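Visitor: The following file, model.txt, comprises compact mmCIF, C-alpha atoms and all ligand atoms:
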```txt
# COMPACT_ATOMS: atom_id res chain seq x y z
CA MET N 1 9.09 -3.78 -4.21
CA ASN N 2 11.30 -6.00 -6.37
CA ALA N 3 12.12 -2.99 -8.53
CA ALA N 4 13.40 -1.20 -5.41
CA ILE N 5 15.44 -4.23 -4.31
CA ARG N 6 17.00 -4.58 -7.76
CA ALA N 7 17.81 -0.87 -7.97
CA ALA N 8 19.33 -0.78 -4.47
CA VAL N 9 21.52 -3.81 -5.20
CA ARG N 10 22.69 -2.59 -8.59
CA THR N 11 23.33 0.96 -7.41
CA ALA N 12 25.35 -0.40 -4.49
CA ASP N 13 27.23 -2.66 -6.92
CA SER N 14 28.09 0.38 -9.05
CA LEU N 15 29.55 2.00 -5.89
CA ASN N 16 31.47 -1.16 -4.89
CA ILE N 17 29.22 -1.71 -1.86
CA SER N 18 28.15 -5.28 -0.96
CA VAL N 19 24.52 -5.98 -0.16
CA TYR N 20 22.75 -8.61 1.93
CA GLY N 21 19.08 -9.36 1.37
CA VAL N 22 17.22 -9.81 4.66
CA TRP N 23 14.39 -12.33 4.42
CA ARG N 24 11.00 -11.61 6.04
CA GLY N 25 11.74 -8.09 7.22
CA PHE N 26 12.70 -7.54 10.85
CA GLN N 27 12.10 -11.24 11.49
CA GLY N 28 15.10 -11.92 9.25
CA LEU N 29 17.23 -9.56 11.32
CA VAL N 30 16.16 -11.35 14.51
CA GLU N 31 16.97 -14.76 13.01
CA GLN N 32 19.99 -13.56 11.00
CA ASP N 33 18.28 -14.80 7.88
CA TRP N 34 20.30 -12.79 5.40
CA ARG N 35 22.22 -13.72 2.27
CA PRO N 36 24.31 -11.78 -0.26
CA LEU N 37 22.38 -10.15 -3.08
CA THR N 38 24.26 -9.41 -6.26
CA SER N 39 23.41 -7.72 -9.51
CA ARG N 40 23.10 -11.19 -11.05
CA ASN N 41 20.87 -12.85 -8.47
CA CYS N 42 18.36 -10.04 -8.62
CA ALA N 43 17.99 -10.35 -12.38
CA ASN N 44 14.54 -10.89 -13.86
CA ILE N 45 12.63 -9.68 -10.81
CA LEU N 46 11.57 -6.22 -12.00
CA GLN N 47 8.32 -7.50 -13.48
CA ARG N 48 7.41 -9.78 -10.56
CA GLY N 49 4.82 -8.88 -7.92
CA GLY N 50 5.27 -9.40 -4.19
CA THR N 51 8.84 -9.41 -2.92
CA ILE N 52 11.61 -11.93 -3.48
CA LEU N 53 12.61 -11.32 0.15
CA ASN N 54 9.21 -12.33 1.54
CA THR N 55 7.62 -10.42 4.39
CA ALA N 56 6.37 -11.04 7.92
CA ARG N 57 4.98 -9.32 10.97
CA CYS N 58 7.64 -9.42 13.71
CA GLU N 59 6.23 -8.81 17.18
CA ALA N 60 9.68 -9.30 18.73
CA TRP N 61 10.95 -6.10 17.08
CA HIS N 62 8.91 -4.13 19.62
CA LEU N 63 11.36 -5.33 22.31
CA PRO N 64 14.44 -3.10 22.89
CA ALA N 65 16.61 -6.11 23.78
CA VAL N 66 15.76 -7.80 20.48
CA ARG N 67 16.69 -4.68 18.53
CA ALA N 68 19.94 -4.37 20.51
CA LYS N 69 20.91 -7.97 19.64
CA ALA N 70 20.08 -7.42 15.97
CA ALA N 71 22.14 -4.21 15.89
CA GLN N 72 25.11 -6.09 17.34
CA ASP N 73 24.67 -8.88 14.77
CA LEU N 74 24.64 -6.28 11.99
CA ARG N 75 27.78 -4.60 13.30
CA ASP N 76 29.51 -7.99 13.66
CA ALA N 77 28.70 -8.72 10.02
CA GLY N 78 30.11 -5.34 8.98
CA VAL N 79 26.75 -3.92 7.97
CA ASP N 80 26.63 -0.11 8.11
CA ALA N 81 23.20 0.65 6.78
CA LEU N 82 19.75 -0.76 6.18
CA VAL N 83 17.16 -0.08 3.48
CA VAL N 84 13.66 -0.82 4.78
CA ILE N 85 10.68 -1.09 2.44
CA GLY N 86 7.28 -0.83 4.11
CA GLY N 87 4.74 1.34 5.86
CA ASP N 88 4.53 3.32 9.09
CA GLY N 89 5.23 0.27 11.28
CA SER N 90 8.37 -0.65 9.35
CA PHE N 91 9.58 2.94 9.45
CA THR N 92 8.98 3.13 13.20
CA GLY N 93 11.05 -0.03 13.62
CA ALA N 94 13.82 1.47 11.44
CA GLU N 95 13.73 4.79 13.29
CA LEU N 96 14.22 2.97 16.61
CA LEU N 97 17.14 0.92 15.29
CA ASN N 98 18.80 4.11 14.10
CA ARG N 99 18.11 6.17 17.20
CA GLU N 100 19.05 3.48 19.72
CA HIS N 101 22.01 1.89 17.94
CA GLY N 102 23.26 4.26 15.25
CA ILE N 103 22.61 1.90 12.32
CA SER N 104 21.89 4.14 9.31
CA CYS N 105 18.41 3.51 7.93
CA ALA N 106 16.61 4.56 4.76
CA GLY N 107 12.90 3.92 4.22
CA ILE N 108 11.13 3.26 0.92
CA PRO N 109 7.32 3.62 1.03
CA GLY N 110 5.70 0.27 0.22
CA THR N 111 2.00 -0.27 0.85
CA ILE N 112 -0.93 -0.58 -1.51
CA ASP N 113 -2.94 1.75 0.74
CA ASN N 114 -1.03 4.91 -0.26
CA ASP N 115 -1.65 6.36 3.17
CA LEU N 116 1.78 7.46 4.37
CA PRO N 117 2.52 11.07 5.36
CA GLY N 118 5.33 12.71 3.40
CA THR N 119 4.63 11.04 0.07
CA ASP N 120 1.85 11.17 -2.45
CA ARG N 121 2.60 7.66 -3.71
CA THR N 122 3.66 4.31 -2.27
CA LEU N 123 4.86 1.18 -4.06
CA GLY N 124 2.00 -1.13 -4.94
CA PHE N 125 -0.77 1.45 -4.94
CA ASP N 126 -0.80 2.06 -8.69
CA THR N 127 -0.70 -1.67 -9.39
CA ALA N 128 -3.53 -2.40 -6.93
CA LEU N 129 -5.60 0.46 -8.35
CA ASN N 130 -5.20 -0.73 -11.93
CA THR N 131 -6.04 -4.29 -10.93
CA ALA N 132 -9.25 -3.13 -9.23
CA VAL N 133 -10.22 -0.99 -12.22
CA GLN N 134 -9.65 -3.82 -14.70
CA ALA N 135 -11.72 -6.17 -12.56
CA ILE N 136 -14.60 -3.71 -12.25
CA ASP N 137 -14.60 -3.03 -16.00
CA ARG N 138 -15.38 -6.74 -16.40
CA ILE N 139 -18.00 -6.70 -13.68
CA ARG N 140 -19.62 -3.70 -15.39
CA ASP N 141 -20.45 -5.85 -18.43
CA THR N 142 -22.60 -8.19 -16.32
CA ALA N 143 -24.07 -5.35 -14.25
CA SER N 144 -25.15 -3.65 -17.43
CA ALA N 145 -26.43 -6.75 -19.28
CA HIS N 146 -28.39 -8.04 -16.26
CA GLU N 147 -29.44 -4.60 -14.98
CA ARG N 148 -28.03 -5.30 -11.54
CA ILE N 149 -26.40 -3.51 -8.66
CA PHE N 150 -22.92 -4.79 -7.80
CA LEU N 151 -21.21 -4.03 -4.53
CA VAL N 152 -17.48 -4.38 -5.12
CA GLU N 153 -15.23 -4.46 -2.07
CA VAL N 154 -11.67 -3.26 -2.54
CA MET N 155 -8.79 -3.30 -0.06
CA GLY N 156 -8.27 -0.56 2.49
CA ARG N 157 -8.80 -1.52 6.10
CA SER N 158 -8.29 2.03 7.24
CA SER N 159 -7.76 3.87 3.98
CA GLY N 160 -10.11 4.82 1.16
CA MET N 161 -7.38 5.72 -1.32
CA ILE N 162 -7.91 2.64 -3.47
CA ALA N 163 -11.71 2.91 -3.21
CA VAL N 164 -12.02 6.57 -4.20
CA ASN N 165 -9.51 6.39 -7.03
CA THR N 166 -11.06 3.18 -8.32
CA ALA N 167 -14.50 4.78 -8.23
CA ILE N 168 -13.35 7.65 -10.45
CA ALA N 169 -11.48 5.39 -12.85
CA CYS N 170 -14.31 2.90 -13.34
CA GLY N 171 -17.22 5.38 -13.22
CA ALA N 172 -18.79 3.91 -10.08
CA GLU N 173 -22.24 5.09 -9.04
CA ALA N 174 -21.14 5.43 -5.40
CA VAL N 175 -18.15 4.92 -3.16
CA LEU N 176 -17.99 4.16 0.57
CA TYR N 177 -14.74 4.42 2.47
CA PRO N 178 -13.50 4.76 6.06
CA GLU N 179 -12.55 8.46 6.11
CA SER N 180 -15.76 9.63 4.47
CA GLU N 181 -17.93 11.94 6.53
CA ALA N 182 -20.55 12.28 3.83
CA GLN N 183 -21.39 8.81 2.58
CA GLY N 184 -23.15 6.29 4.79
CA TYR N 185 -25.85 3.71 4.17
CA ASP N 186 -28.71 6.24 3.97
CA ALA N 187 -26.81 8.50 1.57
CA LEU N 188 -26.03 5.47 -0.56
CA VAL N 189 -29.71 4.52 -0.79
CA THR N 190 -30.63 8.10 -1.76
CA GLN N 191 -27.93 8.13 -4.40
CA LEU N 192 -28.94 4.77 -5.90
CA LYS N 193 -32.62 5.74 -5.97
CA ALA N 194 -31.80 9.06 -7.66
CA GLY N 195 -29.77 7.28 -10.29
CA TRP N 196 -32.58 4.80 -10.95
CA GLN N 197 -35.03 7.72 -11.31
CA ARG N 198 -32.71 9.27 -13.87
CA GLY N 199 -32.94 6.08 -15.90
CA LYS N 200 -29.96 4.06 -14.69
CA ARG N 201 -30.56 0.34 -14.84
CA SER N 202 -27.31 -0.88 -13.28
CA SER N 203 -24.93 0.40 -10.64
CA ILE N 204 -21.47 -0.28 -9.34
CA VAL N 205 -20.86 0.63 -5.71
CA VAL N 206 -17.22 0.56 -4.60
CA VAL N 207 -16.80 -0.22 -0.90
CA ALA N 208 -13.50 -0.06 0.96
CA GLU N 209 -13.15 -3.09 3.24
CA GLY N 210 -12.77 -0.82 6.28
CA ASP N 211 -15.86 1.28 5.67
CA SER N 212 -17.95 1.85 8.79
CA THR N 213 -21.02 0.27 7.19
CA GLY N 214 -19.24 -3.06 7.71
CA GLY N 215 -18.25 -3.91 4.14
CA ALA N 216 -19.98 -5.00 0.97
CA TYR N 217 -21.74 -8.09 2.38
CA LYS N 218 -23.30 -6.09 5.24
CA ILE N 219 -24.61 -3.43 2.87
CA SER N 220 -25.92 -6.06 0.49
CA GLU N 221 -27.83 -7.85 3.28
CA ARG N 222 -29.42 -4.59 4.34
CA LEU N 223 -30.36 -3.51 0.82
CA GLN N 224 -31.71 -6.95 0.04
CA SER N 225 -33.87 -7.15 3.14
CA GLU N 226 -35.19 -3.59 2.83
CA TYR N 227 -35.65 -3.33 -0.95
CA ASN N 228 -35.59 -6.90 -2.23
CA LEU N 229 -33.03 -6.02 -4.91
CA ASP N 230 -31.15 -8.36 -7.23
CA LEU N 231 -27.69 -7.57 -5.84
CA ARG N 232 -24.33 -9.19 -6.24
CA VAL N 233 -21.24 -8.81 -4.09
CA VAL N 234 -17.67 -9.18 -5.34
CA VAL N 235 -14.78 -9.00 -2.89
CA LEU N 236 -11.63 -8.36 -4.90
CA GLY N 237 -9.37 -9.15 -1.92
CA HIS N 238 -5.79 -10.17 -2.34
CA ILE N 239 -5.76 -10.18 -6.13
CA GLN N 240 -5.06 -6.46 -5.61
CA ARG N 241 -1.85 -7.26 -3.75
CA GLY N 242 -0.21 -9.32 -6.46
CA GLY N 243 0.54 -9.43 -10.15
CA SER N 244 3.04 -7.72 -12.36
CA PRO N 245 3.64 -4.14 -11.16
CA THR N 246 2.62 -1.21 -13.35
CA ALA N 247 5.26 0.87 -15.09
CA LEU N 248 4.80 3.68 -12.53
CA ASP N 249 5.43 1.34 -9.59
CA ARG N 250 8.51 -0.05 -11.33
CA ILE N 251 9.85 3.42 -12.11
CA TRP N 252 9.36 4.78 -8.57
CA GLY N 253 10.69 1.55 -7.06
CA SER N 254 13.79 1.90 -9.23
CA MET N 255 14.29 5.58 -8.41
CA TRP N 256 13.76 5.11 -4.68
CA GLY N 257 15.94 2.00 -4.47
CA ALA N 258 18.81 3.82 -6.17
CA GLU N 259 18.34 7.05 -4.20
CA ALA N 260 18.25 5.25 -0.84
CA VAL N 261 21.68 3.70 -1.50
CA LYS N 262 23.21 6.88 -2.92
CA ARG N 263 22.13 8.90 0.11
CA LEU N 264 23.31 6.28 2.59
CA ALA N 265 26.64 6.07 0.78
CA ALA N 266 26.90 9.86 0.97
CA GLY N 267 26.54 9.68 4.76
CA GLU N 268 22.85 10.33 5.39
CA THR N 269 21.72 8.27 8.34
CA SER N 270 17.98 8.45 8.94
CA PHE N 271 15.28 9.27 6.39
CA TYR N 272 12.51 7.89 4.24
CA LEU N 273 11.91 8.71 0.63
CA GLY N 274 8.74 9.98 -0.95
CA SER N 275 7.27 11.79 -3.88
CA GLN N 276 5.63 15.21 -3.81
CA HIS N 277 4.06 16.57 -6.98
CA GLY N 278 6.18 14.24 -9.08
CA GLU N 279 9.47 15.17 -7.38
CA LEU N 280 11.51 12.75 -5.29
CA VAL N 281 11.70 14.02 -1.68
CA THR N 282 13.11 12.87 1.66
CA ASN N 283 11.46 12.97 5.08
CA PRO N 284 12.76 12.46 8.61
CA PHE N 285 11.31 9.27 10.11
CA SER N 286 9.47 11.43 12.66
CA ARG N 287 7.22 12.58 9.79
CA ILE N 288 5.54 9.17 9.89
CA ARG N 289 3.63 10.34 12.98
CA ASP N 290 1.96 13.17 11.04
CA PRO N 291 -1.73 12.65 10.27
CA LYS N 292 -2.10 10.13 7.49
CA PRO N 293 -3.31 11.52 4.18
CA ASN N 294 -6.98 11.04 3.38
CA PRO N 295 -8.42 10.53 -0.08
CA PRO N 296 -9.03 14.00 -1.53
CA LYS N 297 -12.60 15.05 -0.74
CA GLU N 298 -12.86 16.67 -4.18
CA LEU N 299 -12.18 13.31 -5.80
CA ALA N 300 -14.94 11.63 -3.79
CA ALA N 301 -17.32 14.50 -4.66
CA LEU N 302 -16.34 14.21 -8.32
CA ALA N 303 -17.26 10.52 -8.30
CA GLY N 304 -20.77 11.55 -7.22
CA ILE N 305 -21.10 14.23 -9.92
CA LEU N 306 -19.79 11.98 -12.68
CA ALA N 307 -22.25 9.25 -11.75
CA ARG N 308 -25.17 11.28 -13.17
N1 LIG N 401 6.09 0.64 17.36
C1 LIG N 401 6.93 -0.24 16.82
N2 LIG N 401 8.11 -0.49 17.39
C2 LIG N 401 8.98 -1.37 16.86
N3 LIG N 401 8.74 -2.08 15.75
C3 LIG N 401 7.58 -1.88 15.12
C4 LIG N 401 6.60 -0.96 15.61
N4 LIG N 401 5.53 -0.99 14.79
C5 LIG N 401 5.83 -1.88 13.84
N5 LIG N 401 7.05 -2.42 14.01
C6 LIG N 401 7.69 -3.45 13.20
O1 LIG N 401 7.42 -3.23 11.83
C7 LIG N 401 6.77 -4.37 11.27
C8 LIG N 401 5.84 -3.91 10.18
O2 LIG N 401 4.84 -3.08 10.74
P1 LIG N 401 3.32 -3.22 10.28
O3 LIG N 401 2.92 -4.63 10.43
O4 LIG N 401 2.56 -2.17 10.98
O5 LIG N 401 3.39 -2.95 8.72
P2 LIG N 401 3.70 -1.60 7.92
O6 LIG N 401 5.17 -1.46 7.70
O7 LIG N 401 3.05 -0.44 8.61
O8 LIG N 401 3.02 -1.92 6.53
P3 LIG N 401 1.46 -2.32 6.25
O9 LIG N 401 0.68 -2.02 7.51
O10 LIG N 401 1.08 -1.49 5.11
O11 LIG N 401 1.52 -3.79 5.93
C9 LIG N 401 6.10 -5.04 12.45
O12 LIG N 401 5.86 -6.41 12.20
C10 LIG N 401 7.13 -4.83 13.53
O13 LIG N 401 8.16 -5.77 13.41
O1 LIG N 402 -3.14 -9.74 4.10
P1 LIG N 402 -3.85 -9.17 5.26
O2 LIG N 402 -3.12 -9.35 6.54
O3 LIG N 402 -5.29 -9.59 5.29
O4 LIG N 402 -3.81 -7.60 5.07
C1 LIG N 402 -4.78 -6.90 4.37
C2 LIG N 402 -4.56 -5.46 4.61
O5 LIG N 402 -3.34 -5.03 4.10
C3 LIG N 402 -3.53 -3.89 3.29
O6 LIG N 402 -3.62 -4.33 1.98
C4 LIG N 402 -2.32 -2.99 3.28
O7 LIG N 402 -1.97 -2.59 4.56
C5 LIG N 402 -4.86 -3.32 3.72
O8 LIG N 402 -5.53 -2.53 2.81
C6 LIG N 402 -5.59 -4.59 3.98
O9 LIG N 402 -6.63 -4.39 4.85
```
Any chance you could put this one into structure tokens?
Guide:
Amino acid sequence: MNAAIRAAVRTADSLNISVYGVWRGFQGLVEQDWRPLTSRNCANILQRGGTILNTARCEAWHLPAVRAKAAQDLRDAGVDALVVIGGDGSFTGAELLNREHGISCAGIPGTIDNDLPGTDRTLGFDTALNTAVQAIDRIRDTASAHERIFLVEVMGRSSGMIAVNTAIACGAEAVLYPESEAQGYDALVTQLKAGWQRGKRSSIVVVAEGDSTGGAYKISERLQSEYNLDLRVVVLGHIQRGGSPTALDRIWGSMWGAEAVKRLAAGETSFYLGSQHGELVTNPFSRIRDPKPNPPKELAALAGILAR
């Protein structure tokens, strides 16, 4: 996200447009917590995880009167346009501000879940994925040396994008994730047994936190009580949300940050950016209500085949 902030500020600077940074998302608009951002004061942030602007949930933004007050505050401060980085909730909030009060809004996809319609990537996903893969590579050494099964829980409360992609990239024996119709507890047991019969002596099972089985600890308890196995659980948790962003996240953050400002400066008023097959695209905010993308079924099936 910092790459996008830096690119937006510096592109605006190159067009002689002044920029305010709004702290803690819509909460900062409600509290008028904004300060000038310049090319200089967003130096040295490209490689930093998180966001220099902080973030917050803002329940008040659901209230029309709160949005009306914020729109008036923006107009009073001479602000013409807003760049919003976030997911479907943030884009809904931006769409409302634009529709109700005519403030131009551009959205930049930012969520590690990579589950937004209209884009095949979101800022943070590649970094989270690589973090999970690096962690599991380390876990694999112990799994292999001790001949153990590890259940590794990755983030994704309602999305299996991280889980499925991690499973492929770290050669997991099985993957469980919320959108899966195929894989449940029984299928997992069958798969693990089959692997053992083929001579496997260790297994990595990747579990998305939102999987319907209830997560890695639940599965572990069940496997332990039914099969008395020597299992270990690792919950990777928020380490996936931080750390220095990958080159891909920095590059797309930079491209989207710059593009958002250029389009707003050219008079576009309501859109969010995305990527389709490697090309930068724009979407109307209404696209956010399309069905959210699921992890490709072929990728999940491939994980099963490659675990032979
Ligand atoms: N229906 C809505 N109407 C107005 N504002 C909304 C709405 N939904 C969300 N928002 C605003 O957007 C903010 C961010 O939404 P949300 O918490 O859903 O995160 P997100 O942008 O979807 O990203 P993620 O879920 O990946 O963290 C909310 O705190 C709220 O201020
Ligand atoms: O920090 P919190 O509120 O626990 O949020 C965690 C959630 O956020 C996400 O990382 C991104 O929306 C989900 O995958 C995860 O379930």
Visitor: Residues within 7 Å of ligand LIG 402 (chain N) (only C-alpha atoms and all ligand atoms), as a CSV table (one decimal) with C-alpha atoms, in the coordinates of the input?
Guide:
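Output file pocket-v2.csv follows:
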```
chain,number,residue,atom,x,y,z
N,111,THR,CA,2.0,-0.3,0.8
N,112,ILE,CA,-0.9,-0.6,-1.5
N,113,ASP,CA,-2.9,1.8,0.7
N,155,MET,CA,-8.8,-3.3,-0.1
N,156,GLY,CA,-8.3,-0.6,2.5
N,157,ARG,CA,-8.8,-1.5,6.1
N,158,SER,CA,-8.3,2.0,7.2
N,159,SER,CA,-7.8,3.9,4.0
N,209,GLU,CA,-13.2,-3.1,3.2
N,238,HIS,CA,-5.8,-10.2,-2.3
N,241,ARG,CA,-1.8,-7.3,-3.8
```
Visitor: Between N:Asn283, N:Gln183, N:Thr92, N:Thr213, which is the closest to ligand LIG 401 (chain N) once you count only C-alpha atoms and all ligand atoms?
Guide: N:Thr92
Visitor: Counting only C-alpha atoms and all ligand atoms, which protein, DNA or RNA residues come within 6 Å of ligand LIG 401 (chain N), given as a ChimeraX atom specification?
Guide: /N:26,57-59,61-62,86-90,92-93,111
Visitor: Let me make sure I understand: among N:Leu96, N:Ala106, N:Ala216, N:Met1, which one has the smallest atom-to-atom distance to N:Ala265 if we use only C-alpha atoms?
Guide: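 Using only C-alpha atoms, the shortest distance to N:Ala265 belongs to N:Ala106.
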Visitor: Write out as a list in words the residues lying within 6 Å of N:Glu173, counting only C-alpha atoms and excluding same-chain residues fewer than 5 positions away.
Guide: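 Answer for this query is Ser203, Ile204, Val205 and Ala307 of chain N.
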Visitor: Show me, as a list in words, the residues that have an atom within 12 Å of N:Ala65 when counting all atoms listed in the file, minus same-chain residues fewer than 4 positions from it.
Guide: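 That gives Val30, Ala60, Trp61, Lys69, Ala70, Ala71, Gln72, Leu96, Leu97, Glu100 and His101 of chain N.
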Visitor: Between N:Gln47, N:Arg198, N:Ser254, N:Gly215, which residue has the minimum interatomic distance to N:Tyr185, considering only C-alpha atoms?
Guide: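 Result for the nearest residue to N:Tyr185: N:Gly215.
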Visitor: Measuring atom to atom with only C-alpha atoms, identify which of N:Ile136, N:Ala163, N:Leu223, N:Ile45 is nearest to N:Leu188.
Guide: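 Among N:Ile136, N:Ala163, N:Leu223, N:Ile45, it is N:Leu223 that comes nearest to N:Leu188.
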Visitor: Could you name the residues that touch N:Ala260 at 9 Å or less, counting only C-alpha atoms, but leaving out those on the same chain fewer than 3 positions away, as a PyMOL selection string?
Guide: chain N and resi 8+83+105-108+255-257+263-265+271-273
Visitor: To one decimal place, how far is atom CA of N:Ile162 from atom CA of N:Asn114 in Å?
Guide: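 Interatomic distance here is 7.9 Å.
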Visitor: Select, from N:Phe150, N:Phe91, N:Trp196, N:Trp252, the residue with the minimum atom-to-atom distance to N:Leu280, counting all atoms listed in the file.
Guide: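 Closest to N:Leu280 of all the choices is N:Trp252.
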Visitor: Could you pull the residues within 8 Å of N:Arg250, counting all atoms listed in the file, minus those fewer than 6 positions along the same chain, as a PyMOL selection string?
Guide: chain N and resi 3-4+46-47
Visitor: Within 10 Å of N:Lys297, counting only C-alpha atoms, which residues show up once you throw out same-chain ones fewer than 2 positions away? Write them as a PyMOL selection string, please.
Guide: chain N and resi 164+179-182+294-295+299-303
Visitor: How many Å lie between atom CA of N:Ala167 and atom CA of N:Asp137, rounded to one decimal?
Guide: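 According to the coordinates, atom CA of N:Ala167 and atom CA of N:Asp137 are separated by 11.0 Å.
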Visitor: With N, CA and C atoms as the target, complete stretch 119-133 of chain N and hand it back as a short mmCIF file (atom, residue, chain, number, x, y, z; two decimals), in the frame of the given file.
Guide:
```cif
data_model
loop_
_atom_site.label_atom_id
_atom_site.label_comp_id
_atom_site.auth_asym_id
_atom_site.auth_seq_id
_atom_site.Cartn_x
_atom_site.Cartn_y
_atom_site.Cartn_z
N THR N 119 4.52 11.53 1.45
CA THR N 119 4.63 11.04 0.07
C THR N 119 3.25 10.94 -0.55
N ASP N 120 3.17 11.30 -1.82
CA ASP N 120 1.85 11.17 -2.45
C ASP N 120 1.73 9.87 -3.25
N ARG N 121 2.74 9.01 -3.12
CA ARG N 121 2.60 7.66 -3.71
C ARG N 121 3.36 6.65 -2.88
N THR N 122 2.96 5.40 -2.95
CA THR N 122 3.66 4.31 -2.27
C THR N 122 3.70 3.13 -3.24
N LEU N 123 4.73 2.31 -3.12
CA LEU N 123 4.86 1.18 -4.06
C LEU N 123 3.70 0.21 -3.88
N GLY N 124 3.10 -0.17 -4.97
CA GLY N 124 2.00 -1.13 -4.94
C GLY N 124 0.64 -0.50 -5.16
N PHE N 125 0.54 0.79 -4.82
CA PHE N 125 -0.77 1.45 -4.94
C PHE N 125 -1.24 1.48 -6.40
N ASP N 126 -0.38 1.92 -7.29
CA ASP N 126 -0.80 2.06 -8.69
C ASP N 126 -1.17 0.70 -9.28
N THR N 127 -0.41 -0.31 -8.89
CA THR N 127 -0.70 -1.67 -9.39
C THR N 127 -2.05 -2.16 -8.84
N ALA N 128 -2.27 -1.96 -7.54
CA ALA N 128 -3.53 -2.40 -6.93
C ALA N 128 -4.72 -1.66 -7.55
N LEU N 129 -4.53 -0.37 -7.76
CA LEU N 129 -5.60 0.46 -8.35
C LEU N 129 -5.95 -0.04 -9.75
N ASN N 130 -4.94 -0.27 -10.56
CA ASN N 130 -5.20 -0.73 -11.93
C ASN N 130 -5.83 -2.11 -11.95
N THR N 131 -5.44 -2.95 -11.00
CA THR N 131 -6.04 -4.29 -10.93
C THR N 131 -7.53 -4.17 -10.59
N ALA N 132 -7.84 -3.31 -9.63
CA ALA N 132 -9.25 -3.13 -9.23
C ALA N 132 -10.06 -2.57 -10.40
N VAL N 133 -9.49 -1.61 -11.11
CA VAL N 133 -10.22 -0.99 -12.22
C VAL N 133 -10.47 -2.02 -13.34
#
```
